[in-house]
Structure formats: C-alpha cells, structure tokens
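Below is target-v2.cif, which holds mmCIF, C-alpha atoms.
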```cif
data_coords
loop_
_atom_site.label_atom_id
_atom_site.label_comp_id
_atom_site.auth_asym_id
_atom_site.auth_seq_id
_atom_site.Cartn_x
_atom_site.Cartn_y
_atom_site.Cartn_z
CA MET D 83 -60.73 -9.76 -50.82
CA ARG D 84 -57.93 -9.18 -53.28
CA VAL D 85 -58.35 -5.41 -53.22
CA VAL D 86 -58.98 -4.91 -49.47
CA GLY D 87 -58.29 -8.12 -47.54
CA VAL D 88 -54.82 -8.92 -48.86
CA PRO D 89 -53.33 -5.41 -48.18
CA VAL D 90 -54.90 -5.33 -44.68
CA TYR D 91 -53.49 -8.76 -43.84
CA ARG D 92 -50.05 -7.72 -44.99
CA ALA D 93 -50.19 -4.51 -42.90
CA VAL D 94 -51.29 -6.40 -39.77
CA PHE D 95 -48.58 -9.03 -40.25
CA PHE D 96 -45.92 -6.32 -40.72
CA ILE D 97 -46.98 -4.42 -37.60
CA ARG D 98 -47.12 -7.62 -35.61
CA ARG D 99 -43.61 -8.51 -36.62
CA ILE D 100 -42.23 -5.07 -35.65
CA VAL D 101 -44.03 -5.13 -32.29
CA GLY D 102 -42.78 -8.64 -31.62
CA ARG D 103 -39.20 -7.46 -31.98
CA LEU D 104 -39.72 -4.69 -29.46
CA HIS D 105 -41.50 -6.84 -26.85
CA LEU D 106 -39.18 -9.78 -26.45
CA PRO D 107 -39.56 -12.37 -23.69
CA GLY D 108 -38.18 -11.31 -20.30
CA LYS D 109 -35.08 -13.47 -20.48
CA GLN D 110 -34.03 -11.90 -23.85
CA LYS D 111 -34.56 -8.21 -22.99
CA ILE D 112 -31.09 -7.71 -21.50
CA MET D 113 -29.33 -9.26 -24.49
CA PHE D 114 -31.48 -7.14 -26.81
CA LEU D 115 -29.91 -3.97 -25.33
CA PHE D 116 -26.45 -5.10 -26.38
CA THR D 117 -27.34 -6.67 -29.74
CA ASN D 118 -29.71 -3.99 -31.03
CA ARG D 119 -27.89 -1.79 -33.53
CA TYR D 120 -29.87 1.26 -32.49
CA ALA D 121 -28.65 0.91 -28.91
CA ILE D 122 -25.04 0.91 -30.09
CA HIS D 123 -25.70 4.01 -32.20
CA GLY D 124 -27.20 5.78 -29.18
CA LEU D 125 -24.18 4.94 -27.00
CA VAL D 126 -21.79 6.36 -29.58
CA ILE D 127 -23.82 9.57 -29.74
CA LEU D 128 -23.70 9.95 -25.92
CA ILE D 129 -19.91 9.48 -25.85
CA VAL D 130 -19.45 12.13 -28.53
CA MET D 131 -21.67 14.62 -26.68
CA ALA D 132 -19.88 14.03 -23.33
CA THR D 133 -16.46 14.48 -24.93
CA SER D 134 -17.50 17.71 -26.62
CA THR D 135 -18.90 19.12 -23.37
CA MET D 136 -15.70 18.35 -21.45
CA SER D 137 -13.60 19.96 -24.19
CA VAL D 138 -15.65 23.17 -24.06
CA ARG D 139 -15.35 23.38 -20.26
CA ALA D 140 -11.62 22.74 -20.40
CA GLU D 141 -11.16 25.83 -22.57
CA THR D 142 -12.17 28.07 -19.62
CA LEU D 143 -9.38 26.61 -17.42
CA ARG D 144 -6.59 27.24 -19.81
CA SER D 145 -4.52 30.12 -18.52
CA GLU D 146 -0.96 30.83 -17.59
CA GLU D 147 -1.71 30.56 -13.87
CA PHE D 148 -3.38 27.17 -14.11
CA GLY D 149 -1.72 24.60 -11.81
CA LYS D 150 0.81 26.94 -10.27
CA GLN D 151 -0.67 26.49 -6.80
CA SER D 152 -0.30 22.72 -6.95
CA MET D 153 2.48 20.69 -5.33
CA LEU D 154 3.19 18.95 -8.66
CA TYR D 155 3.97 22.30 -10.32
CA ARG D 156 6.44 23.21 -7.52
CA MET D 157 8.18 19.85 -7.75
CA ALA D 158 8.54 20.07 -11.53
CA THR D 159 9.72 23.68 -11.76
CA GLY D 160 11.44 24.10 -8.37
CA ALA D 161 9.75 27.49 -8.04
CA GLU D 162 8.61 28.81 -4.69
CA VAL D 163 5.27 30.52 -4.97
CA GLU D 164 4.23 32.61 -2.00
CA THR D 165 0.59 32.14 -1.16
CA VAL D 166 -1.17 34.93 0.64
CA GLN D 167 -4.56 34.26 2.15
CA VAL D 168 -6.63 37.28 2.95
CA VAL D 169 -9.09 36.91 5.78
CA ARG D 170 -11.66 39.57 6.25
CA ALA D 171 -13.29 40.13 9.60
CA ASP D 172 -16.37 42.29 9.74
CA GLY D 173 -16.65 43.95 13.13
CA ALA D 174 -14.54 43.43 16.24
CA VAL D 175 -12.98 39.97 16.44
CA SER D 176 -12.32 40.19 20.18
CA LYS D 177 -15.95 40.57 21.09
CA PRO D 178 -16.98 38.32 24.01
CA THR D 179 -19.26 35.48 23.07
CA LYS D 180 -21.40 32.98 24.95
CA TYR D 181 -21.15 29.22 24.97
CA LEU D 182 -23.78 27.12 26.74
CA GLY D 183 -24.90 30.17 28.67
CA SER D 184 -21.41 31.06 30.01
CA ALA D 185 -19.22 33.96 28.92
CA ALA D 186 -16.24 33.04 26.74
CA VAL D 187 -13.56 35.71 26.21
CA SER D 188 -11.10 35.68 23.31
CA VAL D 189 -7.36 36.07 23.75
CA GLN D 190 -7.23 39.37 21.86
CA PRO D 191 -7.27 42.67 23.79
CA ASN D 192 -10.74 43.61 24.89
CA ILE D 193 -12.25 46.56 26.64
CA ASP D 194 -13.40 44.25 29.43
CA PHE D 195 -9.74 43.82 30.44
CA ASP D 196 -8.80 47.50 30.17
CA PHE D 197 -9.54 48.91 33.62
CA PHE D 198 -7.99 52.36 34.20
CA GLY D 199 -5.18 51.65 31.77
CA GLU D 200 -3.82 48.71 33.75
CA ASP D 201 -1.79 46.06 31.94
CA TYR D 202 -2.93 42.50 31.80
CA VAL D 203 -1.56 39.19 30.62
CA ALA D 204 -3.73 36.55 28.99
CA THR D 205 -2.31 33.17 29.96
CA THR D 206 -3.05 30.63 27.26
CA VAL D 207 -2.85 26.88 26.91
CA GLY D 208 -2.07 25.35 23.53
CA GLY D 209 -1.71 28.76 21.87
CA THR D 210 -5.24 30.18 21.94
CA ALA D 211 -7.21 28.74 24.84
CA ILE D 212 -7.27 30.95 27.90
CA MET D 213 -6.36 29.21 31.13
CA ALA D 214 -9.31 29.91 33.41
CA PRO D 215 -8.42 30.70 37.05
CA THR D 216 -10.12 28.67 39.76
CA ILE D 217 -12.92 30.84 41.08
CA SER D 218 -15.35 29.72 43.76
CA GLU D 219 -18.06 31.33 45.76
CA ALA D 220 -17.21 32.72 49.15
CA SER D 221 -17.19 30.01 51.81
CA GLU D 222 -15.60 29.14 55.11
CA SER D 223 -11.89 28.40 55.06
CA VAL D 224 -11.01 24.74 54.70
CA ALA D 225 -7.50 25.16 56.06
CA PRO D 226 -6.60 22.69 58.84
CA ARG D 227 -7.73 23.89 62.26
CA SER D 228 -6.00 23.31 65.57
CA GLU D 229 -8.61 24.78 67.89
CA VAL D 230 -12.24 24.26 68.76
CA VAL D 231 -14.67 26.61 66.98
CA ALA D 232 -18.32 27.45 67.54
CA TYR D 233 -21.06 26.70 65.01
CA THR D 234 -24.58 28.12 65.08
CA VAL D 235 -27.23 25.60 64.12
CA GLN D 236 -29.13 26.60 60.97
CA GLU D 237 -32.61 25.68 59.79
CA GLY D 238 -32.61 22.13 58.42
CA ASP D 239 -29.36 21.10 60.12
CA THR D 240 -28.99 17.69 61.74
CA MET D 241 -26.14 16.47 63.89
CA SER D 242 -25.10 14.14 61.09
CA THR D 243 -24.96 16.89 58.44
CA ILE D 244 -23.09 19.25 60.80
CA ALA D 245 -20.48 16.57 61.48
CA GLU D 246 -20.09 15.91 57.74
CA LEU D 247 -19.81 19.64 57.01
CA HIS D 248 -16.83 19.97 59.37
CA ASP D 249 -15.24 16.64 58.40
CA ILE D 250 -15.54 15.04 61.82
CA SER D 251 -17.42 11.98 62.99
CA LEU D 252 -20.85 12.11 64.55
CA THR D 253 -19.45 10.54 67.72
CA THR D 254 -16.85 13.32 68.05
CA LEU D 255 -19.57 15.96 67.70
CA LEU D 256 -21.66 14.29 70.41
CA TRP D 257 -18.69 13.95 72.78
CA ALA D 258 -17.60 17.59 72.34
CA ASN D 259 -21.06 18.90 73.24
CA ASP D 260 -22.03 16.32 75.91
CA LEU D 261 -24.95 15.21 73.74
CA SER D 262 -26.54 11.84 73.21
CA VAL D 263 -28.47 10.40 70.30
CA ARG D 264 -31.67 11.40 72.07
CA SER D 265 -30.63 15.08 72.26
CA ILE D 266 -32.49 17.66 70.18
CA ILE D 267 -30.82 20.62 68.49
CA ARG D 268 -32.68 23.75 67.35
CA PRO D 269 -31.78 26.66 65.05
CA GLY D 270 -29.73 29.18 66.98
CA ASP D 271 -28.03 26.65 69.25
CA GLU D 272 -24.24 26.83 69.38
CA LEU D 273 -22.17 23.68 69.07
CA ARG D 274 -18.47 23.15 69.75
CA ILE D 275 -16.70 21.80 66.67
CA MET D 276 -13.51 19.82 67.22
CA PRO D 277 -10.70 20.33 64.69
CA VAL D 278 -10.17 16.57 64.33
CA ASP D 279 -11.80 13.34 65.43
CA GLY D 280 -11.07 12.78 69.07
CA VAL D 281 -11.89 14.08 72.55
CA GLU D 282 -10.97 16.92 74.88
CA HIS D 283 -9.27 16.43 78.24
CA THR D 284 -8.78 18.90 81.07
CA VAL D 285 -5.44 18.34 82.78
CA LYS D 286 -5.71 17.42 86.46
CA SER D 287 -3.14 16.99 89.17
CA GLY D 288 -1.07 13.86 88.59
CA ASP D 289 -1.82 13.62 84.86
CA THR D 290 0.89 12.69 82.39
CA VAL D 291 0.78 12.65 78.61
CA LEU D 292 1.29 8.88 78.57
CA ALA D 293 -1.50 8.30 81.07
CA ILE D 294 -3.88 10.58 79.16
CA ALA D 295 -3.08 8.83 75.86
CA ARG D 296 -3.70 5.42 77.41
CA LYS D 297 -6.99 6.60 78.91
CA TYR D 298 -8.34 7.53 75.49
CA SER D 299 -6.52 4.81 73.46
CA ALA D 300 -4.52 7.49 71.63
CA ASP D 301 -0.89 8.06 70.59
CA ALA D 302 1.14 10.08 73.12
CA SER D 303 3.39 11.57 70.41
CA GLN D 304 0.34 12.86 68.51
CA VAL D 305 -0.99 14.47 71.70
CA VAL D 306 2.34 16.30 72.18
CA SER D 307 2.56 17.33 68.51
CA PHE D 308 -1.04 18.49 68.05
CA ASN D 309 -1.05 20.59 71.24
CA THR D 310 2.45 22.00 70.51
CA LEU D 311 3.81 20.90 73.86
CA ALA D 312 7.50 21.37 74.49
CA ASP D 313 7.76 17.78 75.77
CA ALA D 314 5.73 15.13 77.51
CA GLY D 315 6.10 16.93 80.83
CA ASP D 316 4.86 20.31 79.58
CA LEU D 317 1.44 20.16 81.25
CA ARG D 318 -0.45 22.73 83.31
CA ILE D 319 -3.36 21.97 85.59
CA GLY D 320 -6.61 23.20 84.04
CA GLU D 321 -5.20 23.18 80.51
CA VAL D 322 -7.56 21.69 77.90
CA LEU D 323 -5.87 19.26 75.53
CA ILE D 324 -7.20 17.87 72.27
CA ILE D 325 -6.59 14.14 71.97
CA PRO D 326 -6.47 13.25 68.23
CA GLY D 327 -8.06 9.87 67.59
CA GLY D 328 -9.06 9.52 71.22
CA VAL D 329 -12.20 7.67 72.21
CA ARG D 330 -14.24 7.76 75.37
CA GLN D 331 -14.68 4.49 77.12
CA ALA D 332 -18.20 3.12 76.67
CA ALA D 333 -20.27 2.65 79.75
CA ALA D 334 -20.17 -0.85 81.16
CA PRO D 335 -23.12 -3.01 80.14
CA VAL D 336 -26.00 -2.84 82.57
CA VAL D 337 -26.74 -6.16 84.27
CA ARG D 338 -30.45 -6.84 84.42
CA THR D 339 -31.81 -9.57 86.67
CA ASN D 340 -35.32 -10.29 87.79
CA ALA D 341 -36.55 -11.32 91.23
CA ILE D 342 -36.55 -15.04 90.44
CA ALA D 343 -32.99 -14.87 89.14
CA ARG D 344 -31.85 -13.13 92.32
CA ILE D 345 -33.52 -15.82 94.47
CA PHE D 346 -31.80 -18.69 92.65
CA ALA D 347 -28.52 -16.86 92.06
CA PRO D 348 -25.50 -18.69 93.48
CA PRO D 349 -23.95 -17.19 96.59
CA LYS D 350 -21.08 -14.77 96.19
CA GLY D 351 -17.75 -16.46 95.83
CA SER D 352 -19.23 -19.70 94.49
CA THR D 353 -18.77 -20.90 90.92
CA SER D 354 -21.54 -21.81 88.53
CA SER D 355 -21.62 -22.93 84.94
CA THR D 356 -24.56 -20.66 84.21
CA ALA D 357 -23.78 -16.93 84.25
CA ALA D 358 -26.41 -14.27 84.87
CA PRO D 359 -27.76 -12.75 81.64
CA SER D 360 -26.17 -9.44 80.76
CA GLY D 361 -26.90 -6.75 78.22
CA SER D 362 -27.24 -3.02 77.68
CA GLY D 363 -30.98 -2.87 77.24
CA MET D 364 -30.93 -3.44 73.47
CA ILE D 365 -33.88 -5.37 72.06
CA TRP D 366 -33.82 -8.33 69.68
CA PRO D 367 -33.42 -6.87 66.14
CA ALA D 368 -35.44 -9.44 64.19
CA ASP D 369 -38.81 -11.21 64.14
CA LEU D 370 -37.36 -14.71 64.45
CA ARG D 371 -35.10 -15.88 67.28
CA VAL D 372 -33.18 -18.49 65.28
CA ILE D 373 -29.40 -17.97 65.28
CA THR D 374 -27.69 -19.50 62.25
CA GLN D 375 -24.14 -18.41 63.13
CA TYR D 376 -22.67 -17.11 66.36
CA PHE D 377 -20.08 -14.42 67.05
CA GLY D 378 -16.48 -15.67 66.91
CA TRP D 379 -12.94 -14.84 65.93
CA SER D 380 -13.77 -15.44 62.25
CA HIS D 381 -17.30 -13.98 62.38
CA THR D 382 -17.78 -10.38 63.50
CA GLY D 383 -21.49 -10.52 64.22
CA LEU D 384 -24.55 -12.60 64.81
CA ASP D 385 -26.54 -14.18 61.95
CA ILE D 386 -30.27 -14.32 62.67
CA ASP D 387 -32.66 -16.18 60.40
CA CYS D 388 -35.42 -14.18 58.69
CA HIS D 389 -37.49 -14.12 55.49
CA TYR D 390 -38.38 -11.56 52.84
CA THR D 391 -41.57 -10.82 54.78
CA ASN D 392 -39.69 -9.89 57.98
CA ASP D 393 -38.25 -6.54 59.04
CA ASN D 394 -35.02 -5.70 60.86
CA TYR D 395 -35.44 -3.41 63.88
CA ALA D 396 -33.28 -0.83 65.64
CA ALA D 397 -31.88 -2.42 68.80
CA ASP D 398 -31.88 0.94 70.59
CA ASP D 399 -32.46 4.67 70.07
CA GLY D 400 -29.94 6.38 67.84
CA ILE D 401 -29.07 8.30 64.70
CA VAL D 402 -28.52 6.66 61.32
CA GLN D 403 -24.90 7.28 60.34
CA PHE D 404 -24.94 5.07 57.22
CA SER D 405 -27.61 3.71 54.90
CA GLY D 406 -26.67 2.19 51.57
CA TRP D 407 -24.50 -0.43 49.87
CA LYS D 408 -21.41 -1.54 51.83
CA GLY D 409 -19.37 -4.09 49.88
CA GLY D 410 -19.89 -7.66 51.05
CA TYR D 411 -22.43 -6.48 53.61
CA GLY D 412 -24.83 -5.56 50.77
CA LEU D 413 -27.54 -3.08 51.71
CA THR D 414 -26.60 -1.95 55.20
CA VAL D 415 -27.84 0.35 57.96
CA GLU D 416 -25.58 1.64 60.75
CA VAL D 417 -27.07 3.29 63.84
CA ASN D 418 -24.96 5.39 66.22
CA HIS D 419 -26.18 5.04 69.80
CA GLY D 420 -23.65 7.37 71.42
CA ASN D 421 -20.79 6.53 73.81
CA GLY D 422 -18.94 4.98 70.88
CA VAL D 423 -21.52 2.21 70.34
CA VAL D 424 -22.73 1.48 66.79
CA THR D 425 -25.01 -1.32 65.58
CA ARG D 426 -24.92 -2.63 62.00
CA TYR D 427 -27.75 -4.38 60.10
CA ALA D 428 -26.53 -6.06 56.90
CA HIS D 429 -27.76 -8.07 53.85
CA ALA D 430 -31.09 -6.18 53.68
CA ALA D 431 -33.39 -6.30 50.66
CA ARG D 432 -34.44 -2.66 51.16
CA ASN D 433 -33.46 0.09 53.59
CA TYR D 434 -36.23 2.10 55.26
CA VAL D 435 -34.14 4.89 56.81
CA SER D 436 -31.69 7.56 55.59
CA ILE D 437 -28.50 9.14 56.92
CA GLY D 438 -29.06 11.64 59.73
CA GLN D 439 -32.49 10.29 60.62
CA SER D 440 -33.23 9.92 64.32
CA ILE D 441 -34.84 6.57 65.12
CA SER D 442 -36.22 4.92 68.24
CA ARG D 443 -35.81 1.46 69.69
CA GLY D 444 -37.87 -1.14 67.84
CA GLN D 445 -38.36 1.01 64.72
CA PRO D 446 -38.04 -0.98 61.43
CA VAL D 447 -34.83 0.02 59.66
CA ALA D 448 -34.70 -2.48 56.77
CA LEU D 449 -36.38 -5.42 55.07
CA CYS D 450 -34.72 -8.79 55.52
CA GLY D 451 -32.81 -9.96 52.43
CA THR D 452 -29.69 -11.66 51.12
CA THR D 453 -27.73 -8.91 49.34
CA GLY D 454 -23.94 -8.79 49.29
CA ARG D 455 -21.88 -11.83 50.24
CA SER D 456 -24.70 -13.89 51.67
CA THR D 457 -26.16 -17.39 51.47
CA GLY D 458 -29.87 -17.23 52.11
CA THR D 459 -32.01 -14.56 53.71
CA HIS D 460 -30.80 -13.55 57.17
CA LEU D 461 -29.82 -10.54 59.28
CA HIS D 462 -26.12 -10.05 59.98
CA PHE D 463 -26.17 -8.02 63.21
CA GLU D 464 -23.03 -6.40 64.64
CA VAL D 465 -22.25 -4.36 67.74
CA ILE D 466 -19.19 -2.10 67.43
CA SER D 467 -17.88 -0.39 70.57
CA ASN D 468 -15.12 2.20 70.12
CA GLY D 469 -14.16 0.61 66.83
CA GLN D 470 -14.02 -2.97 68.14
CA PHE D 471 -16.45 -5.78 67.37
CA LYS D 472 -18.31 -7.07 70.41
CA ASN D 473 -20.45 -10.14 71.00
CA PRO D 474 -24.01 -8.94 70.30
CA LEU D 475 -25.41 -11.43 72.81
CA SER D 476 -23.82 -9.34 75.56
CA TYR D 477 -25.91 -6.32 74.51
CA ILE D 478 -29.30 -7.62 73.40
CA ASN D 479 -32.04 -9.29 75.43
#
```

What do you get writing this file as structure tokens?
Amino acid sequence: MRVVGVPVYRAVFFIRRIVGRLHLPGKQKIMFLFTNRYAIHGLVILIVMATSTMSVRAETLRSEEFGKQSMLYRMATGAEVETVQVVRADGAVSKPTKYLGSAAVSVQPNIDFDFFGEDYVATTVGGTAIMAPTISEASESVAPRSEVVAYTVQEGDTMSTIAELHDISLTTLLWANDLSVRSIIRPGDELRIMPVDGVEHTVKSGDTVLAIARKYSADASQVVSFNTLADAGDLRIGEVLIIPGGVRQAAAPVVRTNAIARIFAPPKGSTSSTAAPSGSGMIWPADLRVITQYFGWSHTGLDIDCHYTNDNYAADDGIVQFSGWKGGYGLTVEVNHGNGVVTRYAHAARNYVSIGQSISRGQPVALCGTTGRSTGTHLHFEVISNGQFKNPLSYIN
C-alpha cells in the first residue's frame, strides 16, 4: 500500500483537482473566462497579432499619392487635382437593344437613322431619353363628321357595337336606318351612320327652323349652326337637315280593352272615376304583383316586391344597351325597345344578359336582389321615353 497505493491515490487526487477547475458549475463558467490568467494571456497575444498584421498592411499604402484624391486633402492643401476617368467601350455603343421585347434605340448616331444621307434630329427628354412619337396602326379618321356616312356590316357586328364604334347612341342608329329592336342585320348590309346623336328631317313646304326644332325637341340655333345655314329662313324644300340632339316622338300608348270592358264602358262625353286600362303591350316584369312604392315626383319608377328566388323579366322585345353596376341602382339592366323607349331593371343580385344582346318579351334578364341604395329585395322598374321618366303602370299590363 505504501509503495503502490499512496502514489496512485495522490495522482488521482491531483487529476481530480485539475479537472474540477476546468469543469466549473454552469453559473461560474462566465466568470472563469475573465478571472482565468490563461484567458488574459491569450487575449494579449491576439491583440499583438492583430496590431502587427495591420502595421504590415499599412506599409503597402504608404506612397506619395496616398490620399490625394480625397476631399480632406484638397481642403488642407487647397490644391485642385484633375481627375480623369477613362471608360472603355468594347464594340459599338449605339447598337440598338431590346427591352421587354420592344426595340430601344440609343441617342447616338446609328445606321438605322442614316437613310440616303438624310439628316435627323434625336429629340430627347431629360438629356438622354428619346421622346417617342405617337404611332398608331392605320384606322378610320376620328375627326368630327358633319355628314352621314355608310358602314358595311362585318362578321360579328351587332347594332350596339356599331353604335359604340361610331360614338352614337343605339336609338340614333335605329332611327337613321328605319330599324326596330326586332330587326336583323347581316354581314354585307349597309347602314347609315349619323355624325351625331339626333335625327334627320326632310324639309317640306311650310317648314321653319323653329318649327322643326320644336318637333324634335331640339335647339334651333344648333340646327342652323350644324347645317351651316345662312339664317333661320335659309331652307329649301327637299333638303335633308341633321337635327343634333333631336328625338322622334314615341308612338302613343295602345289602348287595349276587352269585350266586357266595352259593354260596361261609360258613354262618350260622360265622366267616370274609373278610367279604362291603358298600356303599350308590355308585360309585368316580376313574379309577384305586390307594389311597395308607386311612381311619383320623388320616385322615378315602380318598386315591385320579389325574393332572391325570383327573376326579373324583359317587359318587351329589345336590345340590351346596359348591363352592369350603375351607382345607387346597383346591378342594373337597361333594354332599348326602339322609338325612344327604354326600360330599366335595378337592384338585381345577378345579371343574366350582356350589352348588345337581343332579348324577347318575358325573357329573364336578372335575379331579384337588393344591391345599390336599396332596403330589402325588390325590383325597381323604370320606363324612360325620350329621356323622360314615365309612369310604368301606363305601359305594363
């Protein structure tokens, strides 16, 4: 034990003490880094090595030209040092390039501009950006017209798209060609295109400019100006005038009575509190026949009760001239029936038809809803004749 055991015990105890110093408890490891003398020695060695490295690298920057390009050197010495930057361009710098698939030409002279030795001027904006001229594909002139022109119907054309193409209303197109909403156009047909919205009038004996303007609800001065008349009396019989803004008078509503009504109708000349029903042959535009608000001076249409399961129907044959969102009306459909008569179906939940579509009486045009400025699901139904709101009950049965 004295020869072997005691030396072994001492060696184990010594090793255990050294290892214990290295593996301190977790809370003392951070403090050990700052209190261990070997750590301090290592930090000093690192500082010496970093300083030596920086000194060696600084030797390569020592020259007579060092710092002369800096602003501090100029301020201290007052010397003006001219700096010359050399830019090397390999190849032609005025070569056209492409950006997003389109040709982009530089401002510098280029062979693309040199046609037969002609001079050219590159107009620039902001120094280097070329001002691109407005270039468009060949198309019909959009200059204001003063005369009626002919248009040949193309494949896929509708009366609505033709009117939009020439910036006139559908009603004007129908009037100029004596068409109705039931008319059919085919490729190859020729249509008369008015220069502006309005109507044509052939001067007859006894006509005056004032009388013609009143007939079509137009302005007499505009009639004189547009037709370049010398004065209001410069009219010739047979002359065709264009009436800007003129409207044809709608046909009077057709009075429909049945045999029983005729039997019990009051005699002519007598008065009665009950008037004979009148209308223009339009059908009821909704499933329900419950009126929630009548036509009046503060209400431009008729409100008819309906639910989300009900449809709104076209009151008569026509062409859709509008289908979409219309302010307080919400989702709206407008149907042009010709002769200046338009019906409007508002507050729909969904529209079934599109602009230019020809529809028939009783065809569903929209789903009942409450979009726009509305309180509860209902159909707001309007009848507009020559731009004026009419009582729908005078047109529908």

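Comparing the minimum interatomic distances between D:Met276 and each of D:Gly315, D:Pro326, D:Gly87, D:Gly383, counting only C-alpha atoms, we find that D:Pro326 sits nearest.
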
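Of note, atom CA of D:Ile275 and atom CA of D:Ser228 are spaced 10.9 Å apart.
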
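Nearest residue to D:Glu272 among D:Ser476, D:Ser134, D:Asn418, D:Asn259 is D:Asn259, counting only C-alpha atoms.
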
For this file, the PyMOL selection byres ((chain D and resi 368-371) around 7) selects which residues, as a list in words? Trp366, Pro367, Val372, Ile373, Ile386, Asp387, Cys388, Asn392, Asp393, Asn394 and Tyr395 of chain D

What separation in Å, quoted to one decimal, exists between atom CA of D:Ser265 and atom CA of D:Leu252? 12.8 Å
